[in-house]
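**Student:** First the structure, which I've put down as structure tokens, then a few questions once you've had a look.
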Amino acid sequence: MRWIGKSGNGWIAAALLVSAHAQESDVPLMRPDEEKVIQSQDQSFNQVLETTLAQAAKSTVRIWGKPVRSRKATMLAYGLVVGKGTQVLTKWSEIERFENTLHVQAGGGESFKAEVAGVFTDEDLVLLNIAIPADAGRVIKDVLVPAKFSESTWNYGQFVSAPQPDGKLGGFGVVSVLERNLRETDRAHLGIMADPDFRGKGVKIAVVQPEHGAAEAGIQSGDVILDMDGREISGLQELRNALTNKQPGDKVKLKIETAGKERSVEVLLTNRPIYGELSPNRLNQMERMGGEPNLVNSGFSRVVQSDMKIQSNQVGGPVVDLQGKIIGVTLARADRTKTYLMSGSAVADLLKGKAETVAEAREKMESQRQQLAQQRRDLMPKMRLKSEQGKKPMDPERARRHMSDVERLMGRINRELEALEGRNSR
Amino acid sequence: MLLVYGWACVGLQAQESLRSVGDLVSLEKRVHGVAQKALPATVALVSDGTGSSGSGVIVSKDGLILTAAHVIQGMKNVDVYFPDGKKRVGKVLGANFSKDIGMVRMIDTGPWPFMEMGESKPLEAGDWLVALGHSAGFDPARTPPVRFGRVMSDGPGNYFTSDCTLIGGDSGGPLFNLDGKLVGINSSIGWSWKNNNHAGVDGFREDWDRLTAGETWGALQMNPLANPETPVLGIVMGMRDEGRGVRVQKVEPNSPAAAAGLRVGDMIVAVDQEPVLGGAELQQVLIKKEVGDLISLGLVRGSEKLKIDVELVKREDLFKIR
């Protein structure tokens, strides 16, 4: 059990009642009469909902791949049949390692070989070509039906479902947040890191990042930001809010205080660099409570957030509204509260653009990894030096959390290795 | 009259009303309506010192905010962020940690967008719910995420469990019924996504005067057996497992059990006509009751069978002089 109130640097965690998670039942104090009510509610709810899924299910497939040195194939993801019924859209990071062993399976169990046609790394999607046997012709038309996207208005609380290929319910949820851009590099960036221990008014600068706006404008560490474009900056949250309304390329006027003297400077906002998993929140154990998220679960440029409960290997298929129309695809299970979706119109725009080859995609991912490593080398030593100056011992809760983060990373690496070696076939 | 009343009851049960896609469409419409109305009143409460962030909901035009006790722990003032990014300051009032409920009042008098309070006692498994909260802290690029679910289990005490999924930052955020009435405040989570715990809104009514007066009391304790506000009879149970009931080993003086005439040596064999075979089972049944509930105990005393009614009290009140 965890208290969930505080996030970021200070949520309070208290392990109570049960320490071994595996032994905790779903809802420990549920009465038998309550279980009965919930079961029958699930049954009638799913039964009615499934009547809306039949058509979309014909455009839904399972993607299988064989780990190296393994005989058994693993179910990797769901996919959406597009184009003339000979292509499938699915999740790139989930199929990448199995690129040469891919099979696409339709609802009736029919299975076809598939290979990568093009990659869209920014949205973590991939287009597969289905190899259709010469004698299959007519049969295929009823088995792999290309999806037709319908326009949707995407309201708060709107019901969204993901079908399984056989027409059963894969996942259900409601729209939590309307469409937004999660891509860090599209956000406006000053090029400073704030001093988290500063208690005065404004934002005190701890580190100025070379080659970004603040540095070019002559701002130095120790300066305090008091105001942006006439908006008073009382603290870090206010600075973040003020920057949310700006675009990279905008110019902002900052009121800066240096050693008791105030001055005004103009700063050109740049694109935010990739920080990846620098934020401690990303590895928060709470994200995993209630199901494993996808490895790539952020950074998409056009997402609708939903609370759809879905397994991470059921992502990549269609999203259906109550009229049974396909209105988008599932992009990623991100944590216990959220599954990201992409609207049909966003998918259509993406497919109109140029896809990358597998080699290009891998090169791009590698260069992003290197950029990220460089960012960390640039920033981490300065941050560490700073905290050592203060000589504050790490508080035990933070240390414990850090340890669990490291364990989680190790677990993730081990799972990846096992999958590569073929020991982990499901 | 009776027939009509009974029929109306069936109609209200969520699980009975889902027969067609049309029923789902009207359910969806109501969820949307509640979410749309509740968004402007769902605020983030951010400590200006540490930057840690929880949620809250405004329940009056002049800016009274209900939240969880652990969100405002140790604060005098708190920054209140609205979904549109606007920031104001709130004064922290009282908190009861045993129920994990707390209050904040906006310093400016408003008028503020607000949601009406409903009732939490009538909630039962299967009742549909809409939850909001500033998950993972206030994010100016996003409105507080909307979540949909239903009551999974009622209790312990003033708490109840739903499958509206919550995460850090959601604490103190609101939970509504389909009429858009506030019925709960987000409190804690278990391992499963089906295990999300909320404090019932009725708890605020019980403690209203103390909370508005700025009093802070109680203990943050999710283990229901150790919670000072857990409903109890006022007996010590015999340890020996006799397989057919619970032996009364001691009756606390001044307890409801004593007032009702329970005696040492009595064997409790049923609660509200349902058989109880052992101590763990009795505890489980009692935990799901609320303070003030009148329960009927089935007893075996010697060769006699009898029934007595007992009103449950808070554990912490057992040892107070009345």
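Just so we're on the same page: first chain in the structure tokens is A, next is B, and so on; residues restart at 1 for each chain, and ligands are numbered from 1 in the order they show up.
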Residues of chain B no more than 7 Å from chain A, counting only C-alpha atoms: send them over as an mmCIF file with C-alpha atoms, in the first residue's frame.
**Tutor:**
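So the final result, stored in iface_27.cif, reads:
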data_model
loop_
_atom_site.group_PDB
_atom_site.id
_atom_site.type_symbol
_atom_site.label_atom_id
_atom_site.label_comp_id
_atom_site.auth_asym_id
_atom_site.auth_seq_id
_atom_site.Cartn_x
_atom_site.Cartn_y
_atom_site.Cartn_z
ATOM 1 C CA GLN B 15 -25.135 -3.630 -13.190
ATOM 2 C CA LEU B 18 -26.548 -2.296 -19.037
ATOM 3 C CA ARG B 19 -28.493 -4.135 -21.696
ATOM 4 C CA SER B 20 -27.701 -2.359 -24.936
ATOM 5 C CA VAL B 21 -25.172 -0.080 -26.619
ATOM 6 C CA VAL B 25 -24.006 5.730 -24.813
ATOM 7 C CA GLU B 28 -20.693 7.794 -21.571
ATOM 8 C CA VAL B 31 -19.225 10.541 -17.498
ATOM 9 C CA HIS B 32 -18.407 13.300 -19.989
ATOM 10 C CA ALA B 35 -15.656 15.397 -16.165
ATOM 11 C CA GLN B 36 -16.322 18.619 -18.062
ATOM 12 C CA SER B 52 5.816 18.385 -3.737
ATOM 13 C CA SER B 53 2.390 18.262 -5.240
ATOM 14 C CA GLY B 54 -1.058 16.789 -4.498
ATOM 15 C CA HIS B 70 -1.182 13.796 4.004
ATOM 16 C CA VAL B 71 -1.111 16.282 1.093
ATOM 17 C CA GLY B 85 -2.191 27.498 -15.009
ATOM 18 C CA ALA B 125 -19.886 -2.289 -5.099
ATOM 19 C CA GLY B 126 -20.721 -1.588 -8.747
ATOM 20 C CA ALA B 136 2.481 12.989 -11.117
ATOM 21 C CA GLY B 137 2.229 16.632 -10.071
ATOM 22 C CA PRO B 140 0.854 23.165 -17.180
ATOM 23 C CA ALA B 141 0.722 21.359 -20.556
ATOM 24 C CA ARG B 142 -2.151 19.120 -19.476
ATOM 25 C CA THR B 143 -5.534 19.212 -17.691
ATOM 26 C CA PRO B 145 -6.549 13.350 -16.222
ATOM 27 C CA VAL B 146 -10.119 11.970 -16.073
ATOM 28 C CA ARG B 147 -10.600 8.376 -14.921
ATOM 29 C CA PHE B 148 -13.682 6.154 -14.870
ATOM 30 C CA MET B 152 -15.015 -2.373 -5.838
ATOM 31 C CA SER B 153 -15.471 -2.653 -2.106
ATOM 32 C CA THR B 165 -6.650 4.120 -11.339
ATOM 33 C CA LEU B 166 -4.556 6.558 -9.251
ATOM 34 C CA ILE B 167 -0.862 7.411 -8.970
ATOM 35 C CA GLY B 168 1.372 9.889 -7.089
ATOM 36 C CA GLY B 169 -0.020 13.437 -7.239
ATOM 37 C CA ASP B 170 -3.660 12.259 -7.405
ATOM 38 C CA SER B 171 -3.952 12.233 -3.622
ATOM 39 C CA GLY B 172 -6.536 14.711 -2.366
ATOM 40 C CA SER B 187 -5.962 8.586 -0.635
ATOM 41 C CA SER B 188 -3.757 5.555 -1.351
ATOM 42 C CA ILE B 189 -3.120 2.647 -3.744
ATOM 43 C CA GLY B 190 -2.362 -1.053 -3.500
ATOM 44 C CA TRP B 191 -0.335 -3.147 -5.939
ATOM 45 C CA SER B 192 -3.206 -4.031 -8.280
ATOM 46 C CA TRP B 193 -4.718 -1.371 -10.540
ATOM 47 C CA LYS B 194 -8.076 -2.407 -9.085
ATOM 48 C CA ASN B 195 -6.992 -1.309 -5.618
ATOM 49 C CA MET B 222 -3.780 2.356 6.507
ATOM 50 C CA ASN B 223 -3.754 -0.900 8.439
#
**Student:** Can you tell me, as a list in words, what residues are no more than 6 Å from segment 238-254 of chain B when counting only C-alpha atoms, ignoring any on the same chain fewer than 3 positions away?
**Tutor:**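 Residues meeting the cut-off are Gly234, Ile235, Val264, Gly265, Asp266, Met267, Ile268, Val269, Val276, Leu277, Gly278 and Gly279 of chain B.
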**Student:** Based on the selection just made, write all heavy atoms of those residues as a tab-separated table (two decimals), in the first residue's frame.
**Tutor:**
chain	number	residue	atom	x	y	z
B	234	GLY	N	-15.55	-3.65	21.55
B	234	GLY	CA	-15.04	-3.49	22.90
B	234	GLY	C	-14.89	-4.80	23.63
B	234	GLY	O	-15.18	-4.91	24.81
B	235	ILE	N	-14.45	-5.84	22.90
B	235	ILE	CA	-14.18	-7.13	23.55
B	235	ILE	C	-12.77	-7.59	23.21
B	235	ILE	O	-12.17	-7.12	22.24
B	235	ILE	CB	-15.16	-8.24	23.09
B	235	ILE	CG1	-15.04	-8.45	21.57
B	235	ILE	CG2	-16.58	-7.93	23.49
B	235	ILE	CD1	-15.59	-9.77	21.08
B	264	VAL	N	-18.21	-12.34	29.47
B	264	VAL	CA	-17.05	-13.22	29.27
B	264	VAL	C	-17.56	-14.65	29.15
B	264	VAL	O	-18.41	-15.07	29.94
B	264	VAL	CB	-16.06	-13.08	30.43
B	264	VAL	CG1	-14.95	-14.13	30.33
B	264	VAL	CG2	-15.46	-11.67	30.46
B	265	GLY	N	-17.06	-15.38	28.16
B	265	GLY	CA	-17.49	-16.76	27.96
B	265	GLY	C	-18.54	-16.92	26.88
B	265	GLY	O	-18.74	-18.01	26.36
B	266	ASP	N	-19.22	-15.83	26.52
B	266	ASP	CA	-20.19	-15.89	25.42
B	266	ASP	C	-19.47	-16.32	24.13
B	266	ASP	O	-18.31	-15.97	23.92
B	266	ASP	CB	-20.82	-14.51	25.16
B	266	ASP	CG	-21.86	-14.14	26.23
B	266	ASP	OD1	-22.16	-15.02	27.06
B	266	ASP	OD2	-22.32	-12.98	26.21
B	267	MET	N	-20.17	-17.05	23.30
B	267	MET	CA	-19.61	-17.42	21.99
B	267	MET	C	-20.38	-16.66	20.91
B	267	MET	O	-21.60	-16.84	20.77
B	267	MET	CB	-19.76	-18.93	21.78
B	267	MET	CG	-19.27	-19.42	20.44
B	267	MET	SD	-17.51	-19.66	20.43
B	267	MET	CE	-17.47	-21.41	20.76
B	268	ILE	N	-19.65	-15.79	20.16
B	268	ILE	CA	-20.30	-15.07	19.04
B	268	ILE	C	-20.33	-16.00	17.84
B	268	ILE	O	-19.27	-16.45	17.38
B	268	ILE	CB	-19.53	-13.77	18.70
B	268	ILE	CG1	-19.48	-12.85	19.92
B	268	ILE	CG2	-20.17	-13.06	17.51
B	268	ILE	CD1	-18.59	-11.62	19.73
B	269	VAL	N	-21.51	-16.32	17.34
B	269	VAL	CA	-21.61	-17.28	16.23
B	269	VAL	C	-22.15	-16.64	14.95
B	269	VAL	O	-22.10	-17.26	13.88
B	269	VAL	CB	-22.49	-18.50	16.60
B	269	VAL	CG1	-21.82	-19.32	17.70
B	269	VAL	CG2	-23.88	-18.05	17.02
B	276	VAL	N	-20.44	-16.63	11.71
B	276	VAL	CA	-19.03	-16.25	11.85
B	276	VAL	C	-18.33	-17.40	12.55
B	276	VAL	O	-18.74	-17.81	13.63
B	276	VAL	CB	-18.92	-14.96	12.69
B	276	VAL	CG1	-17.50	-14.72	13.11
B	276	VAL	CG2	-19.45	-13.76	11.92
B	277	LEU	N	-17.28	-17.93	11.93
B	277	LEU	CA	-16.66	-19.14	12.45
B	277	LEU	C	-15.42	-18.88	13.29
B	277	LEU	O	-15.08	-19.66	14.17
B	277	LEU	CB	-16.29	-20.10	11.31
B	277	LEU	CG	-17.48	-20.61	10.49
B	277	LEU	CD1	-17.00	-21.49	9.36
B	277	LEU	CD2	-18.46	-21.37	11.38
B	278	GLY	N	-14.70	-17.76	13.04
B	278	GLY	CA	-13.47	-17.52	13.78
B	278	GLY	C	-13.15	-16.04	13.93
B	278	GLY	O	-13.86	-15.18	13.39
B	279	GLY	N	-12.06	-15.78	14.66
B	279	GLY	CA	-11.70	-14.39	14.99
B	279	GLY	C	-11.36	-13.56	13.77
B	279	GLY	O	-11.79	-12.40	13.65
**Student:** For Phe114 of chain B, find every residue with an atom within 7 Å (counting only C-alpha atoms), except residues of its own chain fewer than 4 positions away, and show them as a PyMOL selection string.
**Tutor:** chain B and resi 41+58-61
**Student:** Would you mind exporting the chosen residues as a short mmCIF file (atom, residue, chain, number, x, y, z; two decimals), in the first residue's frame, restricted to N, CA and C atoms?
**Tutor:**
data_model
loop_
_atom_site.label_atom_id
_atom_site.label_comp_id
_atom_site.auth_asym_id
_atom_site.auth_seq_id
_atom_site.Cartn_x
_atom_site.Cartn_y
_atom_site.Cartn_z
N ALA B 41 -12.69 22.92 -11.21
CA ALA B 41 -12.68 22.95 -9.74
C ALA B 41 -11.64 22.01 -9.16
N ILE B 58 -12.50 22.21 -5.03
CA ILE B 58 -13.23 23.31 -4.41
C ILE B 58 -14.69 22.92 -4.25
N VAL B 59 -15.25 23.13 -3.05
CA VAL B 59 -16.63 22.71 -2.80
C VAL B 59 -17.55 23.88 -2.42
N SER B 60 -17.05 25.13 -2.48
CA SER B 60 -17.94 26.26 -2.22
C SER B 60 -17.49 27.46 -3.04
N LYS B 61 -18.45 28.36 -3.29
CA LYS B 61 -18.19 29.52 -4.12
C LYS B 61 -17.07 30.38 -3.53
#
**Student:** Using only C-alpha atoms, which residues sit within 6 Å of segment 95-110 of chain A once same-chain residues fewer than 2 positions away are excluded, as a PyMOL selection string?
**Tutor:** chain A and resi 61-66+92-93+112-114+165-166
**Student:** Keeping all heavy atoms for every residue in the selection just given, could you write it to a file as a short mmCIF file (atom, residue, chain, number, x, y, z; two decimals), in the first residue's frame?
**Tutor:**
data_model
loop_
_atom_site.label_atom_id
_atom_site.label_comp_id
_atom_site.auth_asym_id
_atom_site.auth_seq_id
_atom_site.Cartn_x
_atom_site.Cartn_y
_atom_site.Cartn_z
N VAL A 61 -4.75 -7.53 -35.85
CA VAL A 61 -3.94 -8.76 -35.92
C VAL A 61 -2.99 -8.85 -34.73
O VAL A 61 -2.72 -7.85 -34.07
CB VAL A 61 -3.10 -8.82 -37.22
CG1 VAL A 61 -3.98 -8.97 -38.45
CG2 VAL A 61 -2.19 -7.60 -37.34
N ARG A 62 -2.54 -10.07 -34.48
CA ARG A 62 -1.46 -10.26 -33.51
C ARG A 62 -0.15 -10.34 -34.27
O ARG A 62 -0.09 -10.91 -35.36
CB ARG A 62 -1.64 -11.56 -32.72
CG ARG A 62 -2.81 -11.53 -31.78
CD ARG A 62 -2.79 -12.77 -30.87
NE ARG A 62 -3.82 -12.64 -29.86
CZ ARG A 62 -5.09 -13.02 -30.02
NH1 ARG A 62 -5.47 -13.58 -31.15
NH2 ARG A 62 -5.96 -12.85 -29.07
N ILE A 63 0.92 -9.77 -33.68
CA ILE A 63 2.24 -9.87 -34.29
C ILE A 63 3.09 -10.82 -33.45
O ILE A 63 3.19 -10.64 -32.23
CB ILE A 63 2.96 -8.49 -34.32
CG1 ILE A 63 2.01 -7.38 -34.74
CG2 ILE A 63 4.21 -8.56 -35.19
CD1 ILE A 63 1.70 -7.28 -36.19
N TRP A 64 3.65 -11.84 -34.10
CA TRP A 64 4.50 -12.81 -33.41
C TRP A 64 5.93 -12.72 -33.94
O TRP A 64 6.14 -12.38 -35.10
CB TRP A 64 4.00 -14.24 -33.65
CG TRP A 64 2.64 -14.52 -33.09
CD1 TRP A 64 1.45 -14.16 -33.64
CD2 TRP A 64 2.34 -15.22 -31.88
NE1 TRP A 64 0.42 -14.59 -32.84
CE2 TRP A 64 0.93 -15.25 -31.76
CE3 TRP A 64 3.13 -15.82 -30.89
CZ2 TRP A 64 0.29 -15.85 -30.67
CZ3 TRP A 64 2.49 -16.44 -29.82
CH2 TRP A 64 1.08 -16.45 -29.72
N GLY A 65 6.87 -13.04 -33.07
CA GLY A 65 8.27 -13.08 -33.49
C GLY A 65 9.01 -14.14 -32.70
O GLY A 65 8.61 -14.48 -31.59
N LYS A 66 10.10 -14.67 -33.30
CA LYS A 66 10.85 -15.73 -32.62
C LYS A 66 12.14 -15.18 -32.06
O LYS A 66 12.96 -14.64 -32.81
CB LYS A 66 11.18 -16.86 -33.61
CG LYS A 66 10.27 -18.04 -33.44
CD LYS A 66 10.73 -19.18 -34.31
CE LYS A 66 9.52 -19.78 -34.99
NZ LYS A 66 9.88 -20.67 -36.07
N TRP A 92 6.96 -0.19 -33.17
CA TRP A 92 8.33 -0.45 -33.61
C TRP A 92 9.20 -1.07 -32.52
O TRP A 92 9.83 -2.11 -32.72
CB TRP A 92 8.92 0.86 -34.14
CG TRP A 92 10.41 0.90 -34.34
CD1 TRP A 92 11.28 1.80 -33.80
CD2 TRP A 92 11.23 0.04 -35.18
NE1 TRP A 92 12.56 1.56 -34.22
CE2 TRP A 92 12.56 0.48 -35.06
CE3 TRP A 92 10.95 -1.07 -35.98
CZ2 TRP A 92 13.62 -0.13 -35.72
CZ3 TRP A 92 12.01 -1.71 -36.65
CH2 TRP A 92 13.31 -1.23 -36.53
N SER A 93 9.25 -0.47 -31.34
CA SER A 93 10.19 -0.94 -30.31
C SER A 93 9.87 -2.36 -29.84
O SER A 93 10.74 -3.06 -29.34
CB SER A 93 10.19 0.01 -29.11
OG SER A 93 8.90 0.13 -28.57
N PHE A 112 0.59 -15.21 -41.47
CA PHE A 112 1.35 -14.82 -42.66
C PHE A 112 2.69 -14.25 -42.25
O PHE A 112 2.80 -13.58 -41.23
CB PHE A 112 0.57 -13.74 -43.45
CG PHE A 112 -0.86 -14.09 -43.72
CD1 PHE A 112 -1.86 -13.65 -42.88
CD2 PHE A 112 -1.19 -14.89 -44.80
CE1 PHE A 112 -3.19 -13.99 -43.12
CE2 PHE A 112 -2.51 -15.24 -45.04
CZ PHE A 112 -3.51 -14.78 -44.20
N LYS A 113 3.70 -14.51 -43.09
CA LYS A 113 5.01 -13.89 -42.87
C LYS A 113 4.91 -12.39 -43.11
O LYS A 113 4.09 -11.94 -43.93
CB LYS A 113 6.03 -14.48 -43.84
CG LYS A 113 6.68 -15.73 -43.35
CD LYS A 113 7.85 -16.06 -44.26
CE LYS A 113 8.63 -17.22 -43.69
NZ LYS A 113 9.68 -17.65 -44.59
N ALA A 114 5.76 -11.62 -42.45
CA ALA A 114 5.74 -10.17 -42.66
C ALA A 114 7.15 -9.62 -42.52
O ALA A 114 7.98 -10.20 -41.83
CB ALA A 114 4.83 -9.50 -41.65
N PRO A 165 -8.18 -9.60 -31.95
CA PRO A 165 -8.49 -10.00 -33.33
C PRO A 165 -9.73 -10.89 -33.43
O PRO A 165 -10.42 -10.88 -34.45
CB PRO A 165 -7.23 -10.77 -33.76
CG PRO A 165 -6.14 -10.22 -32.92
CD PRO A 165 -6.78 -9.90 -31.60
N ASP A 166 -10.06 -11.65 -32.37
CA ASP A 166 -11.22 -12.53 -32.43
C ASP A 166 -12.51 -11.82 -32.01
O ASP A 166 -13.56 -12.47 -31.88
CB ASP A 166 -11.00 -13.77 -31.55
CG ASP A 166 -10.75 -13.41 -30.11
OD1 ASP A 166 -10.90 -12.22 -29.75
OD2 ASP A 166 -10.41 -14.32 -29.32
#
**Student:** Considering only C-alpha atoms, can you say which of A:Val119, A:Ala77, A:Ala214, A:Leu226 comes closest to Met365 of chain A?
**Tutor:**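 Nearest candidate to Met365 of chain A out of A:Val119, A:Ala77, A:Ala214, A:Leu226: A:Val119.
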**Student:** What are the DSSP alpha helix (DSSP H) residues of segment 220-348 of chain A, as a list of chain:residue names?
**Tutor:**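 Residues meeting the alpha helix (DSSP H) criterion: A:Leu236, A:Gln237, A:Glu238, A:Leu239, A:Arg240, A:Asn241, A:Ala242, A:Leu243, A:Thr244, A:Gly344, A:Ser345, A:Ala346, A:Val347, A:Ala348.
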**Student:** Would you work out the distance separating atom CA of Ile192 of chain A from atom CA of Ser367 of chain A, expressed in Å to one decimal?
**Tutor:**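 A separation of 23.4 Å between them.
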**Student:** For Met115 of chain B, please output as a list in words all residues within 10 Å (counting only C-alpha atoms; exclusion window: fewer than 6 positions along the same chain).
**Tutor:**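 Neighbouring residues, sequence-local ones excluded: Val34, Lys37, Ala38, Leu39, Pro40, Ala41, Thr42, Val57, Ile58, Val59, Ser60, Lys61, Pro174, Phe176, Gly180, Lys181 and Leu182 of chain B.
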**Student:** Limited to N, CA, C and O atoms, could you put the picked residues into a file as a CSV table (one decimal), in the first residue's frame?
**Tutor:**
chain,number,residue,atom,x,y,z
B,34,VAL,N,-19.9,15.0,-16.1
B,34,VAL,CA,-19.2,15.1,-14.8
B,34,VAL,C,-17.8,15.6,-15.0
B,34,VAL,O,-17.4,16.6,-14.4
B,37,LYS,N,-17.6,19.3,-16.1
B,37,LYS,CA,-18.0,20.3,-15.0
B,37,LYS,C,-16.9,20.3,-13.9
B,37,LYS,O,-16.6,21.4,-13.3
B,38,ALA,N,-16.3,19.1,-13.7
B,38,ALA,CA,-15.4,19.0,-12.5
B,38,ALA,C,-14.0,19.6,-12.8
B,38,ALA,O,-13.3,20.0,-11.9
B,39,LEU,N,-13.6,19.6,-14.1
B,39,LEU,CA,-12.2,20.0,-14.4
B,39,LEU,C,-11.8,21.4,-13.8
B,39,LEU,O,-10.7,21.4,-13.1
B,40,PRO,N,-12.6,22.5,-14.0
B,40,PRO,CA,-12.1,23.8,-13.5
B,40,PRO,C,-12.0,23.8,-11.9
B,40,PRO,O,-11.3,24.7,-11.4
B,41,ALA,N,-12.7,22.9,-11.2
B,41,ALA,CA,-12.7,23.0,-9.7
B,41,ALA,C,-11.6,22.0,-9.2
B,41,ALA,O,-11.5,21.9,-7.9
B,42,THR,N,-10.9,21.3,-10.0
B,42,THR,CA,-9.9,20.3,-9.6
B,42,THR,C,-8.5,21.0,-9.6
B,42,THR,O,-8.0,21.2,-10.6
B,57,VAL,N,-10.1,19.7,-4.3
B,57,VAL,CA,-11.3,20.1,-5.1
B,57,VAL,C,-12.1,21.2,-4.3
B,57,VAL,O,-12.2,21.1,-3.1
B,58,ILE,N,-12.5,22.2,-5.0
B,58,ILE,CA,-13.2,23.3,-4.4
B,58,ILE,C,-14.7,22.9,-4.3
B,58,ILE,O,-15.3,22.4,-5.2
B,59,VAL,N,-15.2,23.1,-3.0
B,59,VAL,CA,-16.6,22.7,-2.8
B,59,VAL,C,-17.5,23.9,-2.4
B,59,VAL,O,-18.7,23.7,-2.0
B,60,SER,N,-17.0,25.1,-2.5
B,60,SER,CA,-17.9,26.3,-2.2
B,60,SER,C,-17.5,27.5,-3.0
B,60,SER,O,-16.3,27.6,-3.4
B,61,LYS,N,-18.5,28.4,-3.3
B,61,LYS,CA,-18.2,29.5,-4.1
B,61,LYS,C,-17.1,30.4,-3.5
B,61,LYS,O,-16.3,31.0,-4.3
B,174,PRO,N,-10.6,14.7,-6.4
B,174,PRO,CA,-11.9,14.3,-6.1
B,174,PRO,C,-12.4,13.0,-6.9
B,174,PRO,O,-11.9,12.7,-7.9
B,176,PHE,N,-16.3,11.5,-8.0
B,176,PHE,CA,-17.7,11.9,-8.1
B,176,PHE,C,-18.6,10.7,-8.5
B,176,PHE,O,-18.1,9.7,-9.1
B,180,GLY,N,-22.5,13.9,-10.6
B,180,GLY,CA,-21.5,15.0,-10.4
B,180,GLY,C,-21.3,15.5,-9.0
B,180,GLY,O,-20.8,16.5,-8.7
B,181,LYS,N,-21.8,14.7,-8.0
B,181,LYS,CA,-21.7,15.0,-6.6
B,181,LYS,C,-20.4,14.4,-6.1
B,181,LYS,O,-20.1,13.2,-6.3
B,182,LEU,N,-19.6,15.2,-5.3
B,182,LEU,CA,-18.4,14.7,-4.7
B,182,LEU,C,-18.7,13.6,-3.7
B,182,LEU,O,-19.5,13.8,-2.7
**Student:** Rounded to one decimal place, report the atom CA of Glu115 of chain A-atom CA of Gln87 of chain A distance in Å.
**Tutor:** 9.6 Å
**Student:** Considering only C-alpha atoms, give me a table of residues in segment 29-148 of chain B that are at most 12 Å from segment 289-297 of chain B, with the closest atom pair and distance in Å for each, as a tab-separated table.
**Tutor:**
residue	atom	partner	partner_atom	distance
B:Ser120	CA	B:Glu290	CA	11.5
B:Lys121	CA	B:Glu290	CA	8.8
B:Pro122	CA	B:Glu290	CA	11.7
**Student:** Residues near Pro273 of chain A, anyone? I mean within 10 Å using only C-alpha atoms, not counting same-chain ones fewer than 3 positions away, as a PyMOL selection string.
**Tutor:** chain A and resi 184-189+191+212+270+276+371-372+375
**Student:** Nearest to Lys354 of chain A: which of A:Ala117, A:Ala134, A:Val143, A:Val252 is it, counting only C-alpha atoms?
**Tutor:**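 Checking each candidate against Lys354 of chain A, we get A:Ala117 as the closest.
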**Student:** Mind pulling up the distance from atom CA of Gly213 of chain A to atom CA of Met228 of chain A?
**Tutor:** 13.9 Å
**Student:** Using DSSP on the backbone coordinates, identify the residues of segment 62-252 of chain A assigned to strand (DSSP E or B); present them as a count of residues only.
**Tutor:** 75
**Student:** For Gly214 of chain B, please output as a list of chain:residue names all residues within 7 Å (counting only C-alpha atoms; exclusion window: fewer than 3 positions along the same chain).
**Tutor:**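 Near Gly214 of chain B, the qualifying residues are B:Leu93, B:Gly94, B:Arg210, B:Leu211.
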**Student:** Produce a file of the selected residues containing N, CA, C and O atoms, as a PDB file, in the first residue's frame.
**Tutor:**
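Here's the written file part02.pdb:
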ATOM      1  N   LEU B  93      -6.264  24.669   6.639  1.00  0.00           N
ATOM      2  CA  LEU B  93      -7.096  24.610   7.850  1.00  0.00           C
ATOM      3  C   LEU B  93      -6.777  23.310   8.587  1.00  0.00           C
ATOM      4  O   LEU B  93      -5.616  22.989   8.753  1.00  0.00           O
ATOM      5  N   GLY B  94      -7.786  22.529   8.965  1.00  0.00           N
ATOM      6  CA  GLY B  94      -7.540  21.343   9.770  1.00  0.00           C
ATOM      7  C   GLY B  94      -7.339  20.072   8.975  1.00  0.00           C
ATOM      8  O   GLY B  94      -7.510  20.045   7.749  1.00  0.00           O
ATOM      9  N   ARG B 210     -14.322  20.842  13.601  1.00  0.00           N
ATOM     10  CA  ARG B 210     -12.910  20.752  14.005  1.00  0.00           C
ATOM     11  C   ARG B 210     -12.004  21.096  12.816  1.00  0.00           C
ATOM     12  O   ARG B 210     -10.973  21.755  12.976  1.00  0.00           O
ATOM     13  N   LEU B 211     -12.391  20.620  11.616  1.00  0.00           N
ATOM     14  CA  LEU B 211     -11.565  20.877  10.428  1.00  0.00           C
ATOM     15  C   LEU B 211     -11.552  22.369  10.072  1.00  0.00           C
ATOM     16  O   LEU B 211     -10.489  22.944   9.821  1.00  0.00           O
TER      17      LEU B 211
END
